[in-house]
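Colleague: For reference, this is query-v3.cif, and it has mmCIF, C-alpha atoms.
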```cif
data_final
#
loop_
_atom_site.label_atom_id
_atom_site.label_comp_id
_atom_site.auth_asym_id
_atom_site.auth_seq_id
_atom_site.Cartn_x
_atom_site.Cartn_y
_atom_site.Cartn_z
CA MET A 113 -24.76 -10.08 0.08
CA ALA A 114 -22.27 -8.60 2.54
CA ASP A 115 -22.53 -4.89 3.28
CA LEU A 116 -19.57 -3.01 1.79
CA HIS A 117 -20.45 0.38 3.27
CA VAL A 118 -17.72 1.97 5.36
CA ASN A 119 -17.57 4.76 7.89
CA PHE A 120 -13.95 5.85 7.83
CA ALA A 121 -13.22 8.36 10.61
CA GLY A 122 -16.70 9.77 10.07
CA ILE A 123 -16.46 9.75 6.26
CA LYS A 124 -19.16 7.51 4.82
CA ALA A 125 -18.90 5.71 1.48
CA PRO A 126 -20.77 2.90 -0.31
CA ASN A 127 -17.61 0.77 -0.39
CA PRO A 128 -13.97 0.93 0.76
CA PHE A 129 -12.57 1.36 -2.76
CA TRP A 130 -11.36 4.93 -3.22
CA LEU A 131 -9.21 6.52 -5.89
CA ALA A 132 -6.01 7.99 -4.49
CA SER A 133 -4.96 11.57 -5.04
CA ALA A 134 -3.26 11.31 -8.43
CA PRO A 135 -3.86 11.82 -12.18
CA PRO A 136 -7.14 9.79 -12.12
CA THR A 137 -8.70 12.40 -9.77
CA ASN A 138 -7.45 15.49 -11.56
CA SER A 139 -10.87 16.81 -12.57
CA GLY A 140 -14.58 16.64 -11.89
CA TYR A 141 -15.10 14.84 -15.18
CA GLN A 142 -12.81 12.02 -14.10
CA VAL A 143 -14.09 11.68 -10.54
CA GLN A 144 -17.70 11.63 -11.71
CA ARG A 145 -16.85 8.92 -14.28
CA ALA A 146 -15.23 6.96 -11.49
CA PHE A 147 -18.30 7.21 -9.26
CA GLU A 148 -20.48 6.10 -12.15
CA ALA A 149 -18.20 3.07 -12.53
CA GLY A 150 -18.69 2.16 -8.86
CA TRP A 151 -15.84 3.69 -6.86
CA GLY A 152 -16.92 4.54 -3.33
CA GLY A 153 -14.76 7.62 -2.89
CA ALA A 154 -12.03 9.75 -4.36
CA VAL A 155 -9.23 11.85 -2.97
CA TRP A 156 -8.95 14.85 -5.28
CA LYS A 157 -5.57 15.51 -6.88
CA THR A 158 -3.62 17.66 -4.45
CA LEU A 159 -4.72 21.28 -4.25
CA GLY A 160 -2.33 24.15 -3.63
CA ASP A 161 -0.71 26.88 -5.63
CA PRO A 162 -0.87 25.63 -9.24
CA ILE A 163 2.48 24.57 -10.66
CA ILE A 164 3.88 23.78 -14.10
CA ASN A 165 4.49 20.10 -14.73
CA THR A 166 7.13 18.66 -17.03
CA SER A 167 6.04 17.24 -20.36
CA SER A 168 7.77 13.87 -19.91
CA ARG A 169 6.79 12.61 -16.45
CA PHE A 170 5.87 8.89 -16.29
CA ALA A 171 7.90 5.70 -16.55
CA ALA A 172 7.27 2.07 -15.70
CA MET A 173 9.06 -1.14 -14.80
CA HIS A 174 8.00 -4.02 -17.05
CA PHE A 175 9.06 -7.36 -15.58
CA ASN A 176 9.07 -10.79 -17.16
CA GLY A 177 6.32 -9.94 -19.60
CA GLN A 178 4.16 -8.06 -17.10
CA ARG A 179 3.46 -4.48 -18.03
CA VAL A 180 3.66 -1.89 -15.25
CA ALA A 181 4.98 -4.08 -12.46
CA GLY A 182 6.10 -0.77 -10.99
CA PHE A 183 5.28 2.81 -11.91
CA ASN A 184 7.44 5.93 -11.56
CA ASN A 185 6.37 9.55 -11.88
CA ILE A 186 7.82 13.03 -11.55
CA GLU A 187 4.41 14.72 -11.71
CA LEU A 188 3.54 17.30 -9.06
CA ILE A 189 0.31 18.64 -7.59
CA THR A 190 -2.55 20.17 -9.59
CA ASP A 191 -1.62 22.45 -12.44
CA ARG A 192 -5.15 23.85 -12.56
CA PRO A 193 -6.37 26.97 -10.70
CA LEU A 194 -7.70 26.36 -7.19
CA GLU A 195 -11.02 28.06 -8.01
CA VAL A 196 -11.62 25.67 -10.93
CA ASN A 197 -10.93 22.62 -8.77
CA LEU A 198 -13.17 23.86 -5.97
CA LYS A 199 -16.01 24.52 -8.39
CA GLU A 200 -15.75 20.98 -9.78
CA ILE A 201 -15.55 19.51 -6.28
CA TYR A 202 -18.78 21.30 -5.39
CA GLU A 203 -20.50 20.06 -8.56
CA THR A 204 -19.26 16.49 -8.05
CA LYS A 205 -20.41 16.31 -4.44
CA LYS A 206 -23.78 17.77 -5.34
CA ARG A 207 -24.26 15.12 -8.04
CA PHE A 208 -22.94 12.24 -5.87
CA PRO A 209 -23.93 13.11 -2.29
CA ASN A 210 -23.43 9.57 -0.98
CA HIS A 211 -19.88 9.16 -2.28
CA ALA A 212 -16.79 10.27 -0.36
CA VAL A 213 -15.07 13.33 -1.80
CA ILE A 214 -11.86 14.18 0.00
CA ALA A 215 -9.60 17.12 -0.78
CA SER A 216 -5.86 16.50 -0.76
CA LEU A 217 -4.05 19.66 0.36
CA MET A 218 -0.48 20.91 0.27
CA VAL A 219 0.79 24.38 1.13
CA GLU A 220 3.84 25.97 2.70
CA PRO A 221 4.35 25.16 6.39
CA LYS A 222 2.64 28.34 7.56
CA GLN A 223 -0.37 28.47 9.86
CA GLU A 224 -2.27 31.07 7.84
CA LYS A 225 -1.77 29.10 4.60
CA TRP A 226 -3.27 25.95 6.14
CA HIS A 227 -6.20 27.86 7.62
CA GLU A 228 -6.94 29.48 4.28
CA ILE A 229 -6.92 26.36 2.10
CA VAL A 230 -8.80 24.24 4.66
CA LYS A 231 -11.64 26.75 4.78
CA LYS A 232 -11.81 27.01 1.00
CA ALA A 233 -11.88 23.24 0.53
CA GLU A 234 -14.58 22.73 3.14
CA ALA A 235 -16.68 25.52 1.65
CA ALA A 236 -16.77 23.44 -1.56
CA GLY A 237 -18.50 20.64 0.35
CA VAL A 238 -15.79 18.01 0.82
CA ASP A 239 -16.36 15.15 3.26
CA GLY A 240 -12.83 15.27 4.58
CA LEU A 241 -9.29 16.53 4.07
CA GLU A 242 -6.07 14.65 3.35
CA LEU A 243 -2.86 16.53 4.19
CA ASN A 244 -0.20 15.56 1.67
CA PHE A 245 3.08 15.11 3.54
CA GLY A 246 4.34 12.54 1.10
CA CYS A 247 5.38 13.83 -2.34
CA PRO A 248 9.07 12.88 -2.64
CA HIS A 249 9.95 15.08 -5.61
CA GLY A 250 9.39 18.60 -6.86
CA MET A 251 7.30 19.85 -3.99
CA ALA A 252 9.80 18.48 -1.47
CA GLU A 253 12.46 20.73 -2.98
CA ARG A 254 10.17 23.64 -2.09
CA GLY A 255 9.88 22.61 1.55
CA MET A 256 6.57 20.77 1.21
CA GLY A 257 5.51 17.14 0.75
CA ALA A 258 8.11 14.66 2.01
CA ALA A 259 10.33 17.49 3.22
CA SER A 260 7.69 18.12 5.87
CA GLY A 261 6.61 14.50 6.15
CA GLN A 262 10.08 13.33 7.19
CA VAL A 263 10.14 15.66 10.20
CA PRO A 264 7.78 14.57 13.01
CA ASP A 265 7.67 18.07 14.53
CA LEU A 266 6.51 19.56 11.22
CA VAL A 267 3.93 16.81 10.77
CA GLN A 268 2.49 17.49 14.20
CA LYS A 269 2.58 21.27 13.84
CA GLN A 270 0.92 21.38 10.42
CA THR A 271 -1.69 18.83 11.43
CA THR A 272 -2.54 21.04 14.40
CA TRP A 273 -2.85 24.06 12.13
CA ALA A 274 -5.19 22.21 9.76
CA LYS A 275 -7.30 20.94 12.65
CA GLU A 276 -7.65 24.47 14.04
CA ALA A 277 -9.64 25.44 10.96
CA ALA A 278 -11.16 22.11 9.94
CA ARG A 279 -14.74 21.03 10.58
CA THR A 280 -14.45 17.77 8.64
CA PRO A 281 -12.18 14.78 9.41
CA VAL A 282 -8.46 15.33 8.76
CA ILE A 283 -6.41 12.49 7.29
CA VAL A 284 -2.61 12.77 7.25
CA LYS A 285 -0.89 11.10 4.30
CA LEU A 286 2.55 9.79 5.24
CA THR A 287 5.76 9.37 3.28
CA PRO A 288 7.50 5.97 3.25
CA ASN A 289 10.84 7.70 2.71
CA ILE A 290 11.71 7.57 6.38
CA THR A 291 13.36 5.09 8.75
CA ASP A 292 10.29 4.49 10.94
CA ILE A 293 6.86 5.52 9.68
CA THR A 294 5.34 5.04 13.14
CA ALA A 295 7.28 8.12 14.30
CA THR A 296 5.49 10.42 11.89
CA ALA A 297 2.19 8.56 12.33
CA TRP A 298 2.45 9.18 16.07
CA ALA A 299 3.25 12.85 15.39
CA ALA A 300 0.12 13.14 13.23
CA VAL A 301 -1.99 11.66 16.02
CA GLN A 302 -0.45 14.09 18.50
CA GLY A 303 -1.40 16.91 16.15
CA GLY A 304 -5.03 15.79 16.26
CA ALA A 305 -5.30 13.74 13.05
CA ASP A 306 -8.57 11.83 12.74
CA ALA A 307 -6.91 9.25 10.49
CA ILE A 308 -3.75 8.52 8.56
CA SER A 309 -3.16 7.22 5.04
CA MET A 310 -0.13 5.42 3.65
CA ILE A 311 1.96 5.04 1.71
CA ASN A 312 2.83 7.83 -0.63
CA THR A 313 5.38 7.05 -3.33
CA ILE A 314 8.93 5.82 -2.76
CA ASN A 315 12.04 7.65 -4.00
CA SER A 316 13.06 6.01 -7.25
CA LEU A 317 14.73 6.16 -10.63
CA ALA A 318 12.95 4.00 -13.17
CA GLY A 319 16.00 3.30 -15.31
CA VAL A 320 18.65 4.44 -17.76
CA ASP A 321 18.39 4.23 -21.55
CA LEU A 322 21.44 2.23 -22.63
CA ASP A 323 21.50 3.82 -26.10
CA SER A 324 21.18 7.50 -25.21
CA TRP A 325 22.41 7.23 -21.57
CA ASN A 326 19.49 9.42 -20.55
CA THR A 327 17.49 8.66 -17.44
CA VAL A 328 13.96 7.29 -17.82
CA PRO A 329 12.00 9.52 -17.97
CA ASN A 330 14.11 12.48 -19.06
CA VAL A 331 13.25 16.09 -19.70
CA ALA A 332 15.42 17.56 -22.44
CA GLY A 333 18.21 15.17 -21.51
CA LYS A 334 18.03 15.65 -17.75
CA GLY A 335 16.33 13.48 -15.14
CA ALA A 336 15.37 13.58 -11.48
CA HIS A 337 14.26 11.10 -8.86
CA GLY A 338 10.56 10.36 -8.86
CA GLY A 339 7.94 8.50 -6.86
CA TYR A 340 7.54 4.72 -7.19
CA CYS A 341 4.20 2.94 -6.87
CA GLY A 342 2.27 0.05 -8.35
CA PRO A 343 2.31 -3.71 -7.61
CA ALA A 344 6.01 -3.73 -6.71
CA VAL A 345 5.53 -1.54 -3.63
CA LYS A 346 2.68 -3.55 -2.09
CA PRO A 347 4.79 -5.52 0.43
CA ILE A 348 6.40 -2.30 1.68
CA ALA A 349 3.06 -0.57 2.01
CA LEU A 350 1.42 -3.55 3.71
CA ASN A 351 4.18 -3.69 6.31
CA MET A 352 3.92 0.01 7.09
CA VAL A 353 0.15 -0.21 7.48
CA ALA A 354 0.61 -3.21 9.77
CA GLU A 355 3.26 -1.49 11.89
CA CYS A 356 0.94 1.43 12.54
CA ALA A 357 -2.14 -0.76 13.03
CA ARG A 358 -0.47 -2.80 15.77
CA ASN A 359 0.93 0.24 17.57
CA PRO A 360 -1.41 1.11 20.47
CA GLU A 361 -0.26 4.75 20.41
CA ILE A 362 -1.50 5.16 16.82
CA ASN A 363 -5.13 4.47 17.53
CA VAL A 364 -6.74 6.08 14.48
CA PRO A 365 -8.20 4.64 11.27
CA ILE A 366 -5.78 3.90 8.42
CA SER A 367 -6.41 4.25 4.70
CA GLY A 368 -4.18 1.75 2.91
CA ILE A 369 -2.37 2.72 -0.28
CA GLY A 370 0.30 0.99 -2.37
CA GLY A 371 0.04 -1.61 -5.10
CA ILE A 372 -3.64 -2.41 -4.67
CA GLY A 373 -5.16 -3.64 -7.92
CA THR A 374 -7.51 -6.51 -7.03
CA TRP A 375 -10.04 -7.38 -4.35
CA LYS A 376 -7.48 -9.78 -2.90
CA ASP A 377 -4.97 -6.96 -2.46
CA ALA A 378 -7.66 -4.87 -0.81
CA ALA A 379 -8.67 -7.71 1.52
CA GLU A 380 -5.07 -8.08 2.68
CA PHE A 381 -4.86 -4.39 3.56
CA LEU A 382 -8.20 -4.56 5.35
CA LEU A 383 -7.07 -7.59 7.34
CA MET A 384 -3.91 -5.71 8.31
CA GLY A 385 -5.93 -2.81 9.74
CA ALA A 386 -6.88 -0.52 6.86
CA GLY A 387 -10.42 0.88 7.05
CA SER A 388 -10.42 1.94 3.40
CA VAL A 389 -8.10 1.41 0.45
CA GLN A 390 -6.91 3.83 -2.20
CA VAL A 391 -5.99 2.86 -5.76
CA CYS A 392 -4.03 4.72 -8.41
CA THR A 393 -1.67 2.72 -10.65
CA ALA A 394 -4.11 -0.11 -11.38
CA ALA A 395 -6.75 2.40 -12.48
CA MET A 396 -4.21 4.15 -14.72
CA HIS A 397 -3.22 0.79 -16.20
CA HIS A 398 -6.67 -0.73 -16.72
CA GLY A 399 -9.25 2.04 -16.32
CA PHE A 400 -12.00 2.75 -13.81
CA SER A 401 -13.97 -0.42 -14.62
CA ILE A 402 -11.62 -2.57 -12.51
CA VAL A 403 -13.66 -1.58 -9.48
CA GLU A 404 -16.51 -3.83 -10.65
CA ASP A 405 -14.42 -6.97 -10.08
CA MET A 406 -13.09 -5.54 -6.83
CA ILE A 407 -16.60 -5.01 -5.48
CA ASP A 408 -17.87 -8.42 -6.60
CA GLY A 409 -14.77 -10.21 -5.40
CA LEU A 410 -14.72 -8.66 -1.94
CA SER A 411 -18.45 -9.17 -1.50
CA ASN A 412 -18.22 -12.86 -2.44
CA TYR A 413 -15.20 -13.31 -0.20
CA LEU A 414 -17.01 -11.85 2.80
CA ASP A 415 -19.98 -14.10 2.10
CA SER A 416 -17.68 -17.13 1.93
CA LYS A 417 -16.25 -16.23 5.34
CA GLY A 418 -19.67 -15.69 6.88
CA LEU A 419 -19.07 -11.98 7.46
CA ALA A 420 -22.03 -9.62 7.19
CA SER A 421 -20.01 -6.47 6.48
CA VAL A 422 -16.59 -5.26 5.44
CA GLU A 423 -16.21 -3.69 8.87
CA GLU A 424 -16.00 -7.22 10.35
CA LEU A 425 -12.88 -7.95 8.28
CA ILE A 426 -10.85 -4.92 9.32
CA GLY A 427 -7.84 -5.72 11.48
CA ARG A 428 -8.44 -9.47 11.83
CA THR A 429 -4.77 -10.29 11.13
CA VAL A 430 -3.22 -7.50 13.20
CA PRO A 431 -2.94 -9.58 16.42
CA ARG A 432 -0.99 -12.18 14.44
CA TYR A 433 1.65 -9.67 13.34
CA SER A 434 4.46 -9.38 15.86
CA ASP A 435 8.22 -9.00 16.27
CA TRP A 436 10.69 -11.67 15.18
CA GLY A 437 11.61 -12.31 18.80
CA ASN A 438 8.09 -13.56 19.50
CA LEU A 439 8.11 -16.25 16.79
CA ASP A 440 8.16 -19.93 17.77
CA LEU A 441 11.65 -21.24 17.01
CA ASN A 442 10.47 -24.84 17.48
CA TYR A 443 7.80 -24.59 14.80
CA LYS A 444 8.92 -26.70 11.85
CA VAL A 445 7.77 -27.32 8.33
CA VAL A 446 9.43 -29.43 5.65
CA ALA A 447 8.93 -29.61 1.90
CA HIS A 448 7.11 -32.53 0.34
CA ILE A 449 7.20 -33.08 -3.43
CA ASN A 450 4.07 -34.65 -4.90
CA ARG A 451 5.35 -37.01 -7.58
CA ASN A 452 1.98 -37.23 -9.32
CA THR A 453 1.98 -33.46 -9.88
CA CYS A 454 5.69 -32.74 -10.31
CA ILE A 455 6.77 -32.13 -13.93
CA ASN A 456 10.47 -32.75 -13.17
CA CYS A 457 11.53 -29.30 -14.32
CA ASN A 458 14.30 -29.47 -11.70
CA LYS A 459 13.89 -25.84 -10.60
CA CYS A 460 13.48 -26.81 -6.96
CA HIS A 461 16.60 -28.99 -7.03
CA ILE A 462 18.72 -26.27 -8.62
CA ALA A 463 17.48 -23.61 -6.21
CA CYS A 464 18.03 -25.80 -3.17
CA GLU A 465 21.41 -27.14 -4.31
CA ASP A 466 22.87 -23.77 -5.33
CA THR A 467 21.31 -21.29 -2.92
CA ALA A 468 19.61 -23.06 -0.01
CA HIS A 469 20.35 -26.23 2.02
CA GLN A 470 21.09 -29.05 -0.43
CA CYS A 471 18.29 -31.33 0.79
CA ILE A 472 16.58 -32.33 -2.49
CA ASP A 473 17.90 -35.46 -4.17
CA MET A 474 17.51 -36.61 -7.75
CA LEU A 475 16.68 -40.34 -7.53
CA THR A 476 15.89 -43.14 -9.95
CA SER A 477 12.86 -45.37 -9.51
CA ALA A 478 12.79 -49.12 -10.09
CA ASP A 479 11.42 -48.55 -13.59
CA GLY A 480 14.28 -46.19 -14.45
CA ASN A 481 12.41 -42.90 -14.15
CA LYS A 482 14.02 -39.91 -12.47
CA TYR A 483 12.23 -38.25 -9.58
CA LEU A 484 12.92 -35.65 -6.88
CA GLN A 485 12.68 -36.29 -3.15
CA VAL A 486 13.29 -34.13 -0.09
CA ARG A 487 15.48 -35.37 2.76
CA GLU A 488 13.23 -34.17 5.54
CA GLU A 489 15.88 -34.46 8.25
CA ASP A 490 17.97 -31.84 6.43
CA CYS A 491 15.13 -29.57 5.27
CA VAL A 492 14.91 -26.29 7.22
CA GLY A 493 11.52 -25.30 5.82
CA CYS A 494 12.77 -22.16 4.08
CA ASN A 495 9.99 -22.36 1.41
CA LEU A 496 12.36 -21.60 -1.51
CA CYS A 497 11.54 -24.77 -3.46
CA SER A 498 7.79 -24.13 -3.25
CA ILE A 499 8.34 -20.52 -4.33
CA VAL A 500 10.29 -21.36 -7.50
CA CYS A 501 8.07 -24.32 -8.42
CA PRO A 502 5.94 -23.42 -11.49
CA VAL A 503 3.18 -25.94 -10.73
CA ASP A 504 0.57 -25.29 -8.06
CA GLY A 505 0.31 -28.23 -5.68
CA ALA A 506 3.56 -29.88 -6.72
CA ILE A 507 5.32 -28.95 -3.47
CA ASP A 508 3.60 -28.68 -0.09
CA MET A 509 5.11 -27.35 3.10
CA ILE A 510 4.11 -29.84 5.80
CA GLU A 511 4.14 -29.07 9.53
CA ILE A 512 5.85 -31.71 11.67
CA PRO A 513 6.09 -32.07 15.47
CA ASN A 514 9.20 -30.45 16.90
CA GLY A 515 8.84 -29.87 20.63
CA PRO A 516 7.06 -27.27 22.78
CA PRO A 517 6.87 -23.63 21.62
CA MET A 518 9.89 -21.48 22.38
CA THR A 519 10.59 -17.92 21.26
CA TRP A 520 13.91 -16.12 21.08
CA ASN A 521 12.78 -13.75 23.82
CA GLU A 522 11.83 -16.67 26.07
CA ARG A 523 15.17 -18.32 25.38
CA GLN A 524 17.09 -15.16 26.30
CA ILE A 525 15.13 -14.84 29.54
CA ALA A 526 15.79 -18.49 30.37
CA ILE A 527 19.55 -18.10 29.96
CA LYS A 528 19.46 -14.64 31.52
CA GLN A 529 20.73 -12.80 28.48
CA PRO A 530 19.58 -9.32 27.38
CA ILE A 531 16.95 -9.23 24.67
CA VAL A 532 18.22 -7.18 21.72
#
```
Please render this file's structure as structure tokens.

Modeller:
Amino acid sequence: MADLHVNFAGIKAPNPFWLASAPPTNSGYQVQRAFEAGWGGAVWKTLGDPIINTSSRFAAMHFNGQRVAGFNNIELITDRPLEVNLKEIYETKKRFPNHAVIASLMVEPKQEKWHEIVKKAEAAGVDGLELNFGCPHGMAERGMGAASGQVPDLVQKQTTWAKEAARTPVIVKLTPNITDITATAWAAVQGGADAISMINTINSLAGVDLDSWNTVPNVAGKGAHGGYCGPAVKPIALNMVAECARNPEINVPISGIGGIGTWKDAAEFLLMGAGSVQVCTAAMHHGFSIVEDMIDGLSNYLDSKGLASVEELIGRTVPRYSDWGNLDLNYKVVAHINRNTCINCNKCHIACEDTAHQCIDMLTSADGNKYLQVREEDCVGCNLCSIVCPVDGAIDMIEIPNGPPMTWNERQIAIKQPIV
């Protein structure tokens, strides 16, 4: 069996599956249940000055029969006293000494406030600290969370303040609500961060009730933007992790967050450079026991690839992730419809005819049966037909010879044009 142990920026855990700072890590009772279920670590729900949460605070996007395709919340940091949280952190770490317990922290952007809470959290025995510069609602209106996380200077300054007092590794959690996440990641590194984590939730409004005209959720008839997470945000999160992982100036471990619910999701984040993964929405949807399949699945996958440990998987795909200008413009694939598998639903033909390149023909065989066929000379290899096809294996994208490699950047150099 492959070894799933990780050493993330000096924080050791029996596996890379951690619970993110969120409702599932709100108390010692919950975190201890999670560890019993098999989770390797947990980032405690954000500590700071206790606040009052609204009573109606969650909403979800249900899509095409799938429950919780996306999840929206207007919940804030812990609403429990700091002393109670610290006591439960101490008890949890004492009971589970080999599991990672990380304190998520958020205070006003003042040096003395960061020094104070860092020392208190570390006195409770945490393995590391995660600075929450990501909350897009509630706390941001008070000058914390994303309000700080969107300003590189504030990220750097507050990271420096936390590091001045910290004796354990400091992870900086980044907001995706910014034009370029590498700018704030770089600022965190300049401030001395031992690692970064991403992404926090995305600004969102879950919906509007068409009967009452209230927002979803609403509090006494009024609504506010919230944070979006769950399966729908995975591509956004994966890209942001990849952008930081391939940036040589951001040379610190990354904890991947955003839409992770299966071992396959986790493996993708690991391949794109994450050294650990954090899960929230999937645990809220299905419970802590999902980690059992995640552990078994990742272990079996590593065995199938001949890898002895999860550490050997981390970052394997990063060198393959580049800029558009470095892609081979002469690489060509075309669609091929397998008549023995095709069910003649016509979805590919409709999609291609209406919204792509009109290269799929409806033909009639000698025995009078209708069938679909791609005109390869007109196919641009866009993949749309294979995407809309409901039958696995009915449409293959086949690589065909198309000349020597040539990138856009190489072409611009050859014709002596500026690369933009």

Colleague: Find the residues near Asp115 in chain A: any atom within 12 Å, counting only C-alpha atoms, skip ones fewer than 6 places away on the same chain, and give them as a count of residues only.

Modeller: 20

Colleague: Taking the file as shown, what set of residues would the PyMOL selection byres ((chain A and resi 373) around 10) give back, as a list in words?

Modeller: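 After applying the PyMOL selection byres ((chain A and resi 373) around 10), what remains is Gly342, Pro343, Lys346, Gly370, Gly371, Ile372, Thr374, Trp375, Lys376, Asp377, Ala378, Gln390, Val391, Cys392, Thr393, Ala394, Ala395, His397, His398, Ile402, Val403 and Met406 of chain A.
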
Colleague: In Å, rounded to a single decimal, give me how far CA of Ser309 in chain A is from CA of Asn359 in chain A.

Modeller: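 About the pair CA of Asn359 in chain A and CA of Ser309 in chain A: they are 14.9 Å apart.
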
Colleague: Counting only C-alpha atoms, what is within 7 Å of Ala299 in chain A, bar same-chain residues fewer than 4 positions away, as an MDAnalysis selection string?

Modeller: chainID A and resid 264:265 267:268 295 303

Colleague: When the PyMOL selection byres ((chain A and resi 366-369) around 6) is applied to the structure above, which residues does it catch, written out as JSON, numbers by chain?

Modeller: {"A": [307, 308, 309, 310, 311, 365, 370, 386, 387, 388, 389, 390]}

Colleague: Nearest to Gln262 in chain A: which of A:Asn326, A:Asn197, A:Asn363, A:Thr294 is it, counting only C-alpha atoms?

Modeller: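 Looking only at the distances to Gln262 in chain A, the closest residue turns out to be A:Thr294.
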
Colleague: Distance CA of His249 in chain A-CA of Ala274 in chain A, one decimal place?

Modeller: 22.7 Å

Colleague: Could you state the separation of CA of Thr519 in chain A and CA of Gln470 in chain A in Å, given to one decimal place?

Modeller: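 We find that CA of Thr519 in chain A and CA of Gln470 in chain A lie 26.5 Å from each other.
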
Colleague: On this file, the PyMOL selection byres ((chain A and resi 161) around 10) gives some set of residues; write that set as a list of chain:residue names.

Modeller: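 Applying the PyMOL selection byres ((chain A and resi 161) around 10) to the structure shown produces A:Thr158, A:Leu159, A:Gly160, A:Pro162, A:Ile163, A:Ile189, A:Thr190, A:Asp191, A:Arg192, A:Pro193, A:Leu194, A:Leu217, A:Met218, A:Val219, A:Glu220, A:Ile229.
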
Colleague: When you count all atoms listed in the file, which of these residues is closest to Val196 in chain A: A:Gly240, A:Gly140, A:Gly150, A:Gly437?

Modeller: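 For Val196 in chain A, the nearest of the given residues is A:Gly140.
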
Colleague: Between A:Ala181, A:Cys501, A:Ala277, A:Ala357, which residue has the minimum interatomic distance to Leu382 in chain A, considering only C-alpha atoms?

Modeller: A:Ala357

Colleague: Taking a cut-off of 12 Å and counting only C-alpha atoms, can you build a table that, for each residue of range 251-348 of chain A near range 208-214 of chain A, reports the nearest atom pair and how far apart they are in Å (one decimal), sorted by chain then residue number, as JSON lines?

Modeller:
```
{"residue": "A:Thr280", "atom": "CA", "partner": "A:Ile214", "partner_atom": "CA", "distance": 9.7}
{"residue": "A:Pro281", "atom": "CA", "partner": "A:Ile214", "partner_atom": "CA", "distance": 9.4}
{"residue": "A:Val282", "atom": "CA", "partner": "A:Ile214", "partner_atom": "CA", "distance": 9.5}
{"residue": "A:Ile283", "atom": "CA", "partner": "A:Ile214", "partner_atom": "CA", "distance": 9.3}
{"residue": "A:Val284", "atom": "CA", "partner": "A:Ile214", "partner_atom": "CA", "distance": 11.8}
```

Colleague: Limited to C-alpha atoms, could you put the picked residues into a file as a CSV table (one decimal), in the frame of the given file?

Modeller:
```
chain,number,residue,atom,x,y,z
A,280,THR,CA,-14.4,17.8,8.6
A,281,PRO,CA,-12.2,14.8,9.4
A,282,VAL,CA,-8.5,15.3,8.8
A,283,ILE,CA,-6.4,12.5,7.3
A,284,VAL,CA,-2.6,12.8,7.2
```

Colleague: Can you pull out the residues contacting range 487-497 of chain A? Cut-off 12 Å, using all atoms listed in the file, and skip same-chain residues under 6 positions away; I want them as a ChimeraX atom specification.

Modeller: /A:441-449,457-475,503-512,514

Colleague: Which residue gives the smallest distance to Ala215 in chain A among A:Tyr340, A:Tyr202, A:Phe400, A:Phe183, with all atoms listed in the file counted?

Modeller: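 For Ala215 in chain A, the nearest of the given residues is A:Tyr202.
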
Colleague: With distances taken over all atoms listed in the file, which of A:Thr166, A:Ser133, A:Ser401, A:Gln302 is nearest to Ala336 in chain A?

Modeller: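 That would be A:Thr166, the residue with the smallest distance to Ala336 in chain A.
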
Colleague: Measuring atom to atom with all atoms listed in the file, identify which of A:Thr204, A:Asn244, A:Asn165, A:Asn452 is nearest to Ala146 in chain A.

Modeller: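 With all atoms listed in the file as the atom set, the closest residue is A:Thr204.
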